[in-house]
>>> print(open('entry.cif').read())   # mmCIF, C-alpha atoms
data_work
#
loop_
_atom_site.label_atom_id
_atom_site.label_comp_id
_atom_site.auth_asym_id
_atom_site.auth_seq_id
_atom_site.Cartn_x
_atom_site.Cartn_y
_atom_site.Cartn_z
CA MET A 73 16.39 -25.50 37.62
CA PRO A 74 18.67 -24.89 34.64
CA GLU A 75 16.58 -23.32 31.88
CA LEU A 76 17.33 -22.68 28.22
CA PRO A 77 20.12 -20.08 28.75
CA GLU A 78 21.93 -22.30 31.27
CA VAL A 79 21.71 -25.36 29.02
CA GLU A 80 22.80 -23.29 26.01
CA THR A 81 25.77 -21.98 28.02
CA THR A 82 26.74 -25.56 28.81
CA LEU A 83 26.30 -26.59 25.18
CA LYS A 84 28.62 -23.86 23.86
CA ALA A 85 31.40 -24.97 26.18
CA LEU A 86 30.75 -28.69 25.71
CA ARG A 87 30.56 -28.92 21.93
CA PRO A 88 34.22 -28.17 21.08
CA LEU A 89 35.42 -30.60 23.75
CA LEU A 90 33.21 -33.49 22.66
CA LEU A 91 33.17 -33.26 18.87
CA ALA A 92 35.23 -36.11 17.41
CA ASN A 93 36.09 -37.28 20.93
CA ARG A 94 35.37 -40.84 21.99
CA PHE A 95 33.68 -42.36 25.05
CA LEU A 96 36.12 -44.87 26.51
CA LYS A 97 33.89 -46.02 29.37
CA VAL A 98 31.06 -44.89 31.62
CA GLU A 99 30.87 -45.03 35.41
CA ILE A 100 27.28 -44.91 36.66
CA LEU A 101 27.33 -44.19 40.38
CA ARG A 102 23.58 -43.56 40.58
CA PRO A 103 21.81 -46.13 38.36
CA ASP A 104 18.42 -44.59 39.20
CA MET A 105 19.40 -41.54 37.12
CA VAL A 106 19.97 -43.63 33.98
CA THR A 107 17.43 -45.52 31.88
CA ASP A 108 18.83 -49.06 31.46
CA PRO A 109 22.36 -48.46 32.86
CA ALA A 110 23.75 -51.74 31.55
CA LYS A 111 22.66 -50.86 28.03
CA VAL A 112 24.25 -47.42 28.24
CA ARG A 113 27.56 -48.85 29.51
CA ARG A 114 27.63 -51.51 26.81
CA LEU A 115 26.52 -49.56 23.76
CA ILE A 116 28.35 -46.25 24.03
CA LYS A 117 31.77 -47.70 24.88
CA GLY A 118 34.21 -46.73 22.15
CA LEU A 119 31.76 -44.57 20.20
CA ARG A 120 32.80 -41.21 18.80
CA VAL A 121 30.74 -38.05 19.21
CA ILE A 122 29.23 -36.75 15.97
CA GLU A 123 27.28 -33.71 17.20
CA VAL A 124 26.04 -31.99 20.37
CA LYS A 125 22.67 -30.23 20.26
CA ARG A 126 19.99 -28.72 22.47
CA HIS A 127 16.22 -28.42 22.42
CA GLY A 128 14.57 -26.60 25.28
CA LYS A 129 16.20 -27.84 28.49
CA TYR A 130 17.49 -31.09 26.93
CA LEU A 131 21.01 -31.81 25.67
CA PHE A 132 21.62 -34.37 22.92
CA ILE A 133 24.96 -36.04 22.24
CA ASN A 134 24.78 -37.75 18.86
CA LEU A 135 27.11 -40.73 18.56
CA GLU A 136 28.28 -43.18 15.96
CA LYS A 137 25.95 -46.07 15.13
CA LYS A 138 23.03 -43.60 15.10
CA LEU A 139 22.66 -43.45 18.86
CA THR A 140 21.93 -40.35 20.95
CA LEU A 141 22.55 -39.71 24.63
CA ILE A 142 19.72 -37.58 26.04
CA LEU A 143 20.57 -35.52 29.12
CA HIS A 144 18.08 -33.59 31.23
CA LEU A 145 19.63 -31.61 34.10
CA ARG A 146 16.31 -31.01 35.89
CA MET A 147 16.43 -29.24 39.26
CA SER A 148 20.08 -29.22 40.27
CA GLY A 149 22.07 -31.04 37.61
CA ARG A 150 25.11 -29.64 35.86
CA LEU A 151 27.88 -30.94 33.65
CA ALA A 152 31.54 -30.48 34.48
CA ILE A 153 34.81 -31.43 32.84
CA ARG A 154 37.97 -32.51 34.65
CA ARG A 155 41.07 -34.56 34.09
CA VAL A 156 41.51 -38.06 35.45
CA SER A 157 44.39 -36.78 37.59
CA GLU A 158 42.28 -34.04 39.22
CA PRO A 159 40.32 -34.50 42.47
CA GLU A 160 36.77 -35.79 42.30
CA LEU A 161 34.09 -33.09 42.38
CA ARG A 162 31.23 -33.06 44.87
CA HIS A 163 28.05 -34.89 43.87
CA GLU A 164 29.51 -36.82 40.92
CA ARG A 165 26.77 -39.21 39.74
CA ILE A 166 27.85 -40.30 36.23
CA ARG A 167 31.33 -40.14 34.71
CA PHE A 168 31.98 -40.35 30.98
CA HIS A 169 35.65 -41.12 30.38
CA LEU A 170 36.94 -39.46 27.20
CA GLU A 171 40.16 -39.49 25.25
CA LYS A 172 43.18 -37.43 26.39
CA GLY A 173 42.48 -38.15 30.05
CA LEU A 174 39.27 -36.11 30.27
CA ILE A 175 36.14 -36.98 32.22
CA LEU A 176 32.72 -35.48 31.55
CA VAL A 177 30.91 -35.48 34.89
CA PHE A 178 27.18 -35.29 35.55
CA ASN A 179 26.93 -33.58 38.95
CA ASP A 180 23.60 -33.54 40.74
CA PRO A 181 23.09 -32.93 44.49
CA ARG A 182 19.41 -33.92 44.36
CA THR A 183 19.92 -36.79 41.88
CA LEU A 184 16.86 -35.74 39.86
CA GLY A 185 18.69 -35.46 36.54
CA ARG A 186 18.13 -38.12 33.90
CA ILE A 187 20.13 -39.78 31.11
CA SER A 188 18.90 -42.17 28.44
CA LEU A 189 20.17 -43.66 25.18
CA TYR A 190 17.88 -43.64 22.17
CA PRO A 191 18.12 -44.26 18.39
CA THR A 192 18.92 -40.93 16.74
CA ASP A 193 16.41 -41.46 13.96
CA SER A 194 13.59 -42.06 16.45
CA LEU A 195 14.04 -39.14 18.86
CA CYS A 196 10.70 -37.69 17.82
CA LYS A 197 9.08 -40.84 19.29
CA HIS A 198 10.74 -40.52 22.70
CA PRO A 199 7.96 -40.37 25.36
CA SER A 200 9.19 -37.08 26.85
CA LEU A 201 10.48 -35.38 23.72
CA LYS A 202 7.42 -35.90 21.56
CA LYS A 203 5.42 -33.71 23.95
CA LEU A 204 7.76 -30.72 23.62
CA GLY A 205 6.84 -27.58 21.73
CA PRO A 206 9.32 -25.71 19.51
CA ASP A 207 12.49 -24.36 21.08
CA ALA A 208 11.66 -21.09 22.85
CA ILE A 209 14.47 -19.06 21.33
CA SER A 210 14.13 -20.52 17.83
CA VAL A 211 10.35 -20.34 17.38
CA SER A 212 9.29 -17.74 14.80
CA GLU A 213 6.95 -14.91 15.72
CA LYS A 214 4.35 -16.25 13.29
CA ASP A 215 4.42 -19.73 14.84
CA PHE A 216 4.45 -18.31 18.37
CA LEU A 217 1.39 -16.14 17.75
CA LYS A 218 -0.44 -19.03 16.12
CA ARG A 219 0.29 -21.32 19.03
CA LEU A 220 -0.70 -18.61 21.51
CA SER A 221 -4.06 -18.14 19.79
CA ASN A 222 -4.86 -21.80 20.49
CA ARG A 223 -4.16 -21.51 24.22
CA LYS A 224 -6.31 -20.57 27.17
CA GLY A 225 -5.34 -19.63 30.71
CA ILE A 226 -2.93 -17.05 32.12
CA LEU A 227 0.40 -15.88 30.74
CA LYS A 228 2.75 -17.52 33.20
CA ALA A 229 0.99 -20.87 33.25
CA VAL A 230 1.08 -21.07 29.45
CA LEU A 231 4.73 -20.12 29.21
CA LEU A 232 5.75 -22.69 31.82
CA ASN A 233 4.07 -25.43 29.79
CA GLN A 234 6.83 -27.13 27.79
CA SER A 235 4.37 -28.30 25.16
CA PHE A 236 3.78 -24.65 24.24
CA VAL A 237 7.42 -23.70 23.80
CA ALA A 238 10.35 -25.59 25.32
CA GLY A 239 13.05 -24.21 27.56
CA ILE A 240 11.48 -21.57 29.78
CA GLY A 241 11.02 -21.99 33.52
CA ASN A 242 10.28 -19.81 36.52
CA ILE A 243 13.18 -17.37 36.22
CA TYR A 244 12.82 -16.36 32.60
CA THR A 245 9.02 -16.38 32.69
CA ASP A 246 8.96 -13.72 35.41
CA GLU A 247 11.65 -11.71 33.62
CA ALA A 248 9.93 -11.91 30.22
CA CYS A 249 6.59 -10.84 31.70
CA PHE A 250 8.28 -7.81 33.27
CA LYS A 251 10.06 -6.86 30.06
CA SER A 252 6.80 -7.09 28.12
CA GLY A 253 5.01 -4.91 30.68
CA LEU A 254 2.37 -7.60 31.16
CA ASP A 255 1.07 -8.96 34.46
CA PRO A 256 1.82 -12.73 34.64
CA ARG A 257 -1.81 -13.25 35.73
CA ARG A 258 -3.22 -11.78 32.51
CA LYS A 259 -5.51 -14.10 30.56
CA ILE A 260 -4.31 -15.03 27.09
CA GLY A 261 -7.70 -14.28 25.57
CA GLY A 262 -7.56 -10.68 26.76
CA LEU A 263 -4.27 -9.85 25.03
CA SER A 264 -4.31 -7.57 22.02
CA ILE A 265 -2.28 -8.39 18.90
CA SER A 266 0.29 -5.74 19.83
CA GLU A 267 0.60 -7.18 23.36
CA ARG A 268 1.09 -10.68 21.98
CA ARG A 269 3.85 -9.47 19.68
CA ARG A 270 5.45 -7.54 22.52
CA PHE A 271 5.33 -10.66 24.66
CA TYR A 272 7.11 -12.70 21.97
CA ARG A 273 9.85 -10.08 21.55
CA ALA A 274 10.30 -9.87 25.32
CA ILE A 275 10.77 -13.64 25.58
CA ILE A 276 13.44 -13.70 22.87
CA ALA A 277 15.26 -10.68 24.34
CA THR A 278 15.15 -12.14 27.86
CA LEU A 279 16.57 -15.49 26.74
CA ARG A 280 19.30 -13.83 24.66
CA LYS A 281 20.30 -11.71 27.64
CA GLY A 282 20.51 -14.85 29.81
CA ILE A 283 22.75 -16.52 27.23
CA ARG A 284 25.00 -13.45 26.92
CA ASN A 285 25.36 -13.47 30.70
CA MET A 286 26.22 -17.20 30.68
CA GLY A 287 23.15 -18.17 32.68
CA THR A 288 21.65 -17.39 36.06
CA SER A 289 23.52 -18.81 39.07
CA ILE A 290 21.33 -18.62 42.16
CA SER A 291 21.72 -22.03 43.75
CA ASP A 292 23.38 -24.89 41.86
CA PHE A 293 24.15 -23.78 38.31
CA LEU A 294 27.78 -23.47 37.24
CA GLY A 295 29.19 -23.59 33.73
CA LEU A 296 31.14 -26.56 32.38
CA HIS A 297 34.39 -25.21 33.83
CA GLY A 298 32.91 -24.36 37.22
CA LYS A 299 32.27 -20.65 36.69
CA PRO A 300 28.94 -19.10 37.76
CA GLY A 301 26.76 -17.15 35.36
CA LYS A 302 26.19 -13.40 35.67
CA ASN A 303 22.50 -13.02 34.87
CA GLN A 304 21.47 -13.07 38.54
CA ASN A 305 23.12 -9.66 38.89
CA SER A 306 20.63 -7.96 36.58
CA LEU A 307 17.29 -9.65 37.28
CA TRP A 308 14.32 -7.25 37.28
CA VAL A 309 11.84 -9.22 39.39
CA TYR A 310 12.70 -12.88 39.89
CA GLY A 311 13.66 -13.56 43.52
CA ARG A 312 13.01 -9.92 44.52
CA LYS A 313 9.69 -10.30 46.35
CA GLY A 314 9.02 -7.29 48.58
CA LYS A 315 11.91 -5.26 47.17
CA LEU A 316 11.60 -2.05 45.16
CA CYS A 317 11.19 -2.21 41.39
CA ARG A 318 14.47 -1.26 39.77
CA ARG A 319 12.56 0.86 37.26
CA CYS A 320 9.78 2.67 39.18
CA LYS A 321 10.61 1.99 42.88
CA THR A 322 7.20 0.40 43.53
CA THR A 323 7.24 -2.55 45.97
CA LEU A 324 7.19 -5.80 44.03
CA LYS A 325 4.33 -8.20 44.71
CA SER A 326 4.23 -11.98 44.60
CA THR A 327 1.81 -14.87 44.40
CA ARG A 328 1.86 -18.58 43.58
CA ILE A 329 1.14 -19.78 40.05
CA GLN A 330 1.37 -23.52 39.43
CA GLN A 331 3.21 -23.92 42.74
CA ARG A 332 5.85 -21.39 41.64
CA THR A 333 6.56 -18.12 43.40
CA THR A 334 5.75 -15.39 40.90
CA VAL A 335 7.01 -11.81 41.29
CA TRP A 336 5.88 -8.75 39.36
CA CYS A 337 5.64 -4.96 39.56
CA PRO A 338 2.04 -3.73 39.97
CA LYS A 339 2.92 -0.43 38.27
CA CYS A 340 5.13 -1.53 35.36
CA GLN A 341 3.10 -4.63 34.46
CA ARG A 342 -0.48 -4.08 33.41
CA LYS A 343 -3.20 -6.33 34.81
CA GLU A 344 -5.79 -5.09 32.31
CA PRO A 345 -5.50 -3.57 28.80
#
>>> encode(input="entry.cif", output="structure tokens")
Amino acid sequence: MPELPEVETTLKALRPLLLANRFLKVEILRPDMVTDPAKVRRLIKGLRVIEVKRHGKYLFINLEKKLTLILHLRMSGRLAIRRVSEPELRHERIRFHLEKGLILVFNDPRTLGRISLYPTDSLCKHPSLKKLGPDAISVSEKDFLKRLSNRKGILKAVLLNQSFVAGIGNIYTDEACFKSGLDPRRKIGGLSISERRRFYRAIIATLRKGIRNMGTSISDFLGLHGKPGKNQNSLWVYGRKGKLCRRCKTTLKSTRIQQRTTVWCPKCQRKEP
């Protein structure tokens, strides 16, 4: 699933192409991926793009008439850009025709991605968005520590919860736990103040690294122009079950947490303080 760094990578490439551009028409090939397809086709036709933003794993395209397109890539979705004259890409589900012969394509092999249109001024009332916590890379240390103090459970389960902070999934949770030196099974209540601060700094550093590397391309993710990210080449633990730790050469262990395969180093990551 694309997580914050992958969505941010897409945003950086998408923003200069969309700003001040206009949606000429929309082709919805998979109506089940769009909330009220007829409404989307009718209302965004001819509207100009005002801004493109991100919060967590969501992309927001703000349009004229105070309307916002909300895009969630989910498990296998990605955005691509091509010209009308170029061949159709595989798994094209929604096509946004733009000016100058460009098409913004929502590709999704599993068709789990979602698009909806919502009043810009009421985004905070959107059923999915109102449950989200602060953006994981923008949350302050003070706010993070305060929110953490109100949580119970284990590290990984808390970090995967989008109401805690938004944007982190399985990949960056495992990587952040490794960087912090904390076992993903550690209970929140047993963390010292210094460990909590170290955990926050590890999350920010891990996400920034993912963004610098233009995302992690393991299965479906490609950037807007079809290029894979590079972060998969420097992962410490994610996807490396049974292999040797890159730091200490101990065999990495794994378990399941919230139905997600979780990998950690039993030597580098402390189970107890």
>>> resolve_selection(input="entry.cif", expression="the PyMOL selection byres ((chain A and resi 202-212) around 10)", output="ChimeraX atom specification")
/A:76-77,126-129,195-201,213-219,231,233-240,272,275-280
>>> resolve_selection(input="entry.cif", expression="the PyMOL selection byres ((chain A and resi 252) around 6)", output="ChimeraX atom specification")
/A:249-251,253-254,270-271,274
>>> closest_atom_pairs(input="entry.cif", of="range 159-265 of chain A", to="range 130-153 of chain A", cutoff="12 Å", atoms="only C-alpha atoms", output="tab-separated table")
residue	atom	partner	partner_atom	distance
A:Pro159	CA	A:Ile153	CA	11.5
A:Glu160	CA	A:Ile153	CA	10.6
A:Leu161	CA	A:Ala152	CA	8.7
A:Arg162	CA	A:Ala152	CA	10.7
A:His163	CA	A:Gly149	CA	9.5
A:Glu164	CA	A:Ala152	CA	9.3
A:Arg165	CA	A:Gly149	CA	9.7
A:Ile166	CA	A:Leu151	CA	9.7
A:Arg167	CA	A:Ile153	CA	9.6
A:Phe168	CA	A:Ile153	CA	9.5
A:His169	CA	A:Ile153	CA	10.0
A:Leu170	CA	A:Ile153	CA	10.0
A:Gly173	CA	A:Ile153	CA	10.6
A:Leu174	CA	A:Ile153	CA	7.0
A:Ile175	CA	A:Ile153	CA	5.7
A:Leu176	CA	A:Ile153	CA	4.7
A:Val177	CA	A:Ala152	CA	5.1
A:Phe178	CA	A:Leu151	CA	4.8
A:Asn179	CA	A:Arg150	CA	5.3
A:Asp180	CA	A:Gly149	CA	4.3
A:Pro181	CA	A:Ser148	CA	6.4
A:Arg182	CA	A:Ser148	CA	6.3
A:Thr183	CA	A:Gly149	CA	7.5
A:Leu184	CA	A:Arg146	CA	6.2
A:Gly185	CA	A:Leu145	CA	4.7
A:Arg186	CA	A:His144	CA	5.3
A:Ile187	CA	A:Leu143	CA	4.7
A:Ser188	CA	A:Ile142	CA	5.2
A:Leu189	CA	A:Leu141	CA	4.6
A:Tyr190	CA	A:Thr140	CA	5.4
A:Pro191	CA	A:Leu139	CA	4.6
A:Thr192	CA	A:Leu139	CA	5.0
A:Asp193	CA	A:Lys138	CA	7.1
A:Ser194	CA	A:Leu139	CA	9.5
A:Leu195	CA	A:Thr140	CA	8.3
A:Cys196	CA	A:Thr140	CA	12.0
A:His198	CA	A:Ile142	CA	10.0
A:Ser200	CA	A:Tyr130	CA	10.2
A:Leu201	CA	A:Tyr130	CA	8.8
A:Leu204	CA	A:Tyr130	CA	10.3
A:Asp207	CA	A:Tyr130	CA	10.2
A:Gln234	CA	A:Tyr130	CA	11.4
A:Ala238	CA	A:Tyr130	CA	9.2
A:Gly239	CA	A:Tyr130	CA	8.2
A:Ile240	CA	A:Tyr130	CA	11.6
A:Gly241	CA	A:Met147	CA	10.7
A:Asn242	CA	A:Met147	CA	11.6
>>> atom_distance(input="entry.cif", atom1="CA of Arg284 in chain A", atom2="CA of Gly301 in chain A")
9.4 Å
>>> axis_aligned_box(input="entry.cif", around="range 320-330 of chain A", padding_each_side="4 Å", output="AutoDock Vina command-line options")
--center_x 5.9 --center_y -10.4 --center_z 42.6 --size_x 17.5 --size_y 34.2 --size_z 14.8
>>> residues_around(input="entry.cif", residues="range 84-100 of chain A", least_positions_apart="3", cutoff="7 Å", atoms="only C-alpha atoms", output="short mmCIF file (atom, residue, chain, number, x, y, z; two decimals) with C-alpha atoms, in the frame of the given file")
data_model
loop_
_atom_site.label_atom_id
_atom_site.label_comp_id
_atom_site.auth_asym_id
_atom_site.auth_seq_id
_atom_site.Cartn_x
_atom_site.Cartn_y
_atom_site.Cartn_z
CA GLU A 80 22.80 -23.29 26.01
CA THR A 81 25.77 -21.98 28.02
CA PRO A 103 21.81 -46.13 38.36
CA ARG A 113 27.56 -48.85 29.51
CA ILE A 116 28.35 -46.25 24.03
CA LYS A 117 31.77 -47.70 24.88
CA GLY A 118 34.21 -46.73 22.15
CA LEU A 119 31.76 -44.57 20.20
CA ARG A 120 32.80 -41.21 18.80
CA VAL A 121 30.74 -38.05 19.21
CA ILE A 122 29.23 -36.75 15.97
CA GLU A 123 27.28 -33.71 17.20
CA VAL A 124 26.04 -31.99 20.37
CA ARG A 165 26.77 -39.21 39.74
CA ILE A 166 27.85 -40.30 36.23
CA ARG A 167 31.33 -40.14 34.71
CA PHE A 168 31.98 -40.35 30.98
CA HIS A 169 35.65 -41.12 30.38
CA LEU A 170 36.94 -39.46 27.20
CA GLU A 171 40.16 -39.49 25.25
CA LEU A 296 31.14 -26.56 32.38
#
>>> atom_distance(input="entry.cif", atom1="CA of Asn285 in chain A", atom2="CA of Lys325 in chain A")
25.8 Å
>>> atom_distance(input="entry.cif", atom1="CA of Arg155 in chain A", atom2="CA of Lys172 in chain A")
8.5 Å
>>> resolve_selection(input="entry.cif", expression="the PyMOL selection byres ((chain A and resi 333) around 12)", output="PyMOL selection string")
chain A and resi 228-229+241-243+245-246+256+309-313+325-332+334-336
>>> closest_residue(input="entry.cif", among="A:Ile283, A:Cys340, A:Leu227, A:Ile290", to="Lys259 in chain A", atoms="all atoms listed in the file")
A:Leu227
>>> closest_residue(input="entry.cif", among="A:Gly298, A:Met286, A:Arg318, A:Lys339", to="Val79 in chain A", atoms="all atoms listed in the file")
A:Met286
>>> closest_residue(input="entry.cif", among="A:Leu316, A:Ile260, A:Leu324, A:Leu101", to="Leu220 in chain A", atoms="only C-alpha atoms")
A:Ile260
>>> residues_around(input="entry.cif", residues="Gly262 in chain A", least_positions_apart="6", cutoff="12 Å", atoms="only C-alpha atoms", output="ChimeraX atom specification")
/A:220-221,223-227,254-255,268,342-345
